[in-house]
Amino acid sequence: MAHIESLFVTRLYHAALSELGKPVDPDELEASCWAIAEEDEAGQDWCEENGYPGYTSYASLDDLTWRSPIFKALKKVLDKHVKAFVKDLEFDLDGRKLVLEDLWINILPEGGYHSAHIHPHSVISGTTYVAMPEGASALRYEDPRHARMMATPPRKKDARRELQSFIYAKPVIGDVLLWESWLRHEVLMNQAEEERISVSFNYKWS
C-alpha cells in the first residue's frame with residue numbers, strides 16, 4: 001500500500017499572550033502605542049517620506065522596552081513564547097539563545113496594508129495584536145516553494161490546509177503569532193474604519 005507523508009514542514013505558532021508569563025494589560029499596551037506614535041516625530045516623518053500608511057516605529061525607535069514598562073513586560077512574555085516555539089522546532093542552538101533583536105509598533109488605518117516581505121538576518125519573527133476592529137486585515141503567509149513550482153497546477157479551493165498556497169491568520173487582541181523569519185508574509189488591506197494596531201518583533205541567534 002502506498003505511503004504518503006509530509007516533508008519539510010513549515011511551522012506556525014499561534015497562542016494567547018496570557019498562556020505564558022505574567023499577563024500584559026491590553027489597554028495599557030494600546031495606550032502606550034498611541035502615546036509613542038504621537039511623540040515620535042522621526043517615525044512620522046519616515047512614514048510620510050516612504051509612503052507608509054499609518055505609523056510604524058520600525059525605522060525610528062529601538063528602545064521601546066526602555067520607554068515604557070509595558071513593553072518591558074511584553075518582552076518577558078514574548079521570550080517565553082519564543083522559547084516554547086524553539087522547542088517545537090527542535091533547533092540545536094549549540095548552547096546559545098535566541099534574543100530579542102527588534103520590537104516595533106504598527107498602526108494601520110483604513111486602507112492601509114503591508115506588502116509581502118520576509119525578515120532577513122533573523123531566526124524567529126512574530127506579531128502580537130493590540131487592536132483588531134471588525135473587518136481588520138488578516139495576515140497572509142505564502143508557500144515558500146512558489147518560486148520552484150513552475151508548471152504546477154493550482155490547488156483546489158477546498159484543499160487541505162497544509163496544501164494550500166496561501167494561509168490566512170485572523171488573530172484577536174492578545175494573540176501572538178510566531179514563524180521562521182524566512183517565511184514570506186503580508187498584511188492585507190485594512191477594511192475596518194478604525195486602526196489595526198500590532199507590535200512586531202524579531203529574534204536573532206546570539
# chains A, B, ... in the order shown; residues from 1 in each chain; ligands from 1
>>> residues_around(residues="Tyr55 of chain A", least_positions_apart="2", cutoff="7 Å", atoms="only C-alpha atoms", output="PyMOL selection string")
chain A and resi 37+44+47+53+57+106-108
>>> write_last_selection(atoms="N, CA, C and O atoms", output="mmCIF file, in the first residue's frame")
data_model
loop_
_atom_site.group_PDB
_atom_site.id
_atom_site.type_symbol
_atom_site.label_atom_id
_atom_site.label_comp_id
_atom_site.auth_asym_id
_atom_site.auth_seq_id
_atom_site.Cartn_x
_atom_site.Cartn_y
_atom_site.Cartn_z
ATOM 1 N N ALA A 37 3.462 56.800 19.322
ATOM 2 C CA ALA A 37 3.238 57.209 17.932
ATOM 3 C C ALA A 37 3.060 58.718 17.819
ATOM 4 O O ALA A 37 3.549 59.351 16.872
ATOM 5 N N GLN A 44 7.111 59.539 12.317
ATOM 6 C CA GLN A 44 6.062 60.131 11.487
ATOM 7 C C GLN A 44 6.647 60.633 10.172
ATOM 8 O O GLN A 44 6.065 60.430 9.104
ATOM 9 N N CYS A 47 7.518 57.677 7.854
ATOM 10 C CA CYS A 47 6.317 57.113 7.235
ATOM 11 C C CYS A 47 5.835 57.974 6.075
ATOM 12 O O CYS A 47 5.465 57.459 5.012
ATOM 13 N N PRO A 53 1.539 53.754 5.015
ATOM 14 C CA PRO A 53 0.231 54.168 5.524
ATOM 15 C C PRO A 53 0.171 54.037 7.040
ATOM 16 O O PRO A 53 0.589 53.027 7.601
ATOM 17 N N SER A 57 7.097 52.370 14.104
ATOM 18 C CA SER A 57 8.304 52.839 14.791
ATOM 19 C C SER A 57 9.538 52.081 14.320
ATOM 20 O O SER A 57 10.627 52.280 14.858
ATOM 21 N N ASN A 106 3.102 49.010 14.943
ATOM 22 C CA ASN A 106 2.474 49.216 13.638
ATOM 23 C C ASN A 106 1.038 49.701 13.853
ATOM 24 O O ASN A 106 0.273 49.045 14.563
ATOM 25 N N ILE A 107 0.683 50.820 13.251
ATOM 26 C CA ILE A 107 -0.691 51.317 13.298
ATOM 27 C C ILE A 107 -1.159 51.522 11.862
ATOM 28 O O ILE A 107 -0.653 52.392 11.154
ATOM 29 N N LEU A 108 -2.104 50.684 11.432
ATOM 30 C CA LEU A 108 -2.608 50.745 10.052
ATOM 31 C C LEU A 108 -4.027 51.304 10.034
ATOM 32 O O LEU A 108 -4.929 50.720 10.633
#
>>> residues_around(residues="Asp40 of chain A", least_positions_apart="6", cutoff="12 Å", atoms="only C-alpha atoms", output="count of residues only")
16
>>> closest_residue(among="A:Ala131, A:Val86, A:Val24, A:Ile124", to="Glu194 of chain A", atoms="only C-alpha atoms")
A:Ala131
>>> closest_atom_pairs(of="segment 36-154 of chain A", to="segment 195-201 of chain A", cutoff="10 Å", atoms="only C-alpha atoms", output="Markdown table")
| residue | atom | partner | partner_atom | distance |
| --- | --- | --- | --- | --- |
| A:Gly54 | CA | A:Glu195 | CA | 8.4 |
| A:Tyr55 | CA | A:Ile197 | CA | 9.5 |
| A:Thr56 | CA | A:Val199 | CA | 9.3 |
| A:Ser57 | CA | A:Val199 | CA | 9.6 |
| A:Tyr58 | CA | A:Ser200 | CA | 8.9 |
| A:Phe71 | CA | A:Val199 | CA | 9.6 |
| A:Leu74 | CA | A:Val199 | CA | 9.8 |
| A:Lys75 | CA | A:Phe201 | CA | 9.5 |
| A:Leu78 | CA | A:Phe201 | CA | 9.2 |
| A:Leu100 | CA | A:Phe201 | CA | 7.4 |
| A:Glu101 | CA | A:Phe201 | CA | 7.4 |
| A:Asp102 | CA | A:Phe201 | CA | 5.2 |
| A:Leu103 | CA | A:Phe201 | CA | 4.3 |
| A:Trp104 | CA | A:Ser200 | CA | 5.4 |
| A:Ile105 | CA | A:Val199 | CA | 4.6 |
| A:Asn106 | CA | A:Ser198 | CA | 5.2 |
| A:Ile107 | CA | A:Ile197 | CA | 4.6 |
| A:Leu108 | CA | A:Arg196 | CA | 5.1 |
| A:Pro109 | CA | A:Glu195 | CA | 4.4 |
| A:Glu110 | CA | A:Glu195 | CA | 6.4 |
| A:Gly111 | CA | A:Glu195 | CA | 9.6 |
| A:Gly112 | CA | A:Glu195 | CA | 8.9 |
| A:Tyr113 | CA | A:Arg196 | CA | 10.0 |
| A:His119 | CA | A:Phe201 | CA | 9.7 |
| A:Ser122 | CA | A:Phe201 | CA | 9.7 |
| A:Ile124 | CA | A:Phe201 | CA | 8.5 |
| A:Ser125 | CA | A:Phe201 | CA | 5.7 |
| A:Gly126 | CA | A:Phe201 | CA | 5.5 |
| A:Thr127 | CA | A:Ser200 | CA | 4.2 |
| A:Thr128 | CA | A:Val199 | CA | 5.4 |
| A:Tyr129 | CA | A:Ser198 | CA | 4.5 |
| A:Val130 | CA | A:Ser198 | CA | 5.1 |
| A:Ala131 | CA | A:Ile197 | CA | 4.7 |
| A:Met132 | CA | A:Arg196 | CA | 5.3 |
| A:Pro133 | CA | A:Arg196 | CA | 6.7 |
| A:Glu134 | CA | A:Arg196 | CA | 9.6 |
| A:Gly135 | CA | A:Arg196 | CA | 9.5 |
| A:Ala136 | CA | A:Arg196 | CA | 6.1 |
| A:Ser137 | CA | A:Arg196 | CA | 7.7 |
>>> residues_around(residues="segment 88-99 of chain A", least_positions_apart="6", cutoff="12 Å", atoms="only C-alpha atoms", output="ChimeraX atom specification")
/A:8-13,75-76,78-82,122-125,178-180,201-206
>>> write_last_selection(atoms="C-alpha atoms", output="CSV table (one decimal), in the first residue's frame")
chain,number,residue,atom,x,y,z
A,8,PHE,CA,10.0,19.9,5.2
A,9,VAL,CA,7.2,21.2,7.4
A,10,THR,CA,6.7,25.0,7.9
A,11,ARG,CA,5.5,25.6,11.5
A,12,LEU,CA,3.2,28.5,12.6
A,13,TYR,CA,2.8,29.2,16.3
A,75,LYS,CA,9.3,41.3,26.1
A,76,LYS,CA,9.4,38.9,29.1
A,78,LEU,CA,7.4,37.0,24.3
A,79,ASP,CA,10.7,35.4,25.5
A,80,LYS,CA,8.6,32.5,26.9
A,81,HIS,CA,6.6,32.0,23.8
A,82,VAL,CA,9.7,32.1,21.6
A,122,SER,CA,16.6,37.0,12.0
A,123,VAL,CA,15.6,33.5,13.1
A,124,ILE,CA,12.1,33.9,14.5
A,125,SER,CA,9.7,36.8,13.7
A,178,LEU,CA,5.4,33.3,15.6
A,179,TRP,CA,7.1,32.0,12.4
A,180,GLU,CA,10.5,31.4,11.0
A,201,PHE,CA,9.4,41.7,16.6
A,202,ASN,CA,12.5,39.7,15.5
A,203,TYR,CA,14.7,37.3,17.5
A,204,LYS,CA,18.2,36.5,16.5
A,205,TRP,CA,20.6,33.7,17.4
A,206,SER,CA,23.2,35.1,19.8
>>> atom_distance(atom1="atom CA of Ile4 of chain A", atom2="atom CA of Pro144 of chain A")
20.6 Å
>>> select_by_dssp(residues="chain A", states="strand (DSSP E or B)", output="PyMOL selection string")
chain A and resi 12-16+55-56+98-108+114-117+124-131+139-142+166-169+175-180+185-187+196-205
>>> closest_residue(among="A:His3, A:His121, A:His14, A:His146", to="Ser165 of chain A", atoms="only C-alpha atoms")
A:His146
>>> select_by_dssp(residues="chain A", states="alpha helix (DSSP H)", output="JSON, numbers by chain")
{"A": [26, 27, 28, 29, 30, 31, 32, 33, 34, 35, 36, 37, 38, 39, 41, 42, 43, 44, 45, 46, 47, 48, 49, 64, 65, 66, 67, 69, 70, 71, 72, 73, 74, 75, 76, 77, 78, 79, 80, 81, 82, 83, 84, 85, 86, 87, 88, 89]}
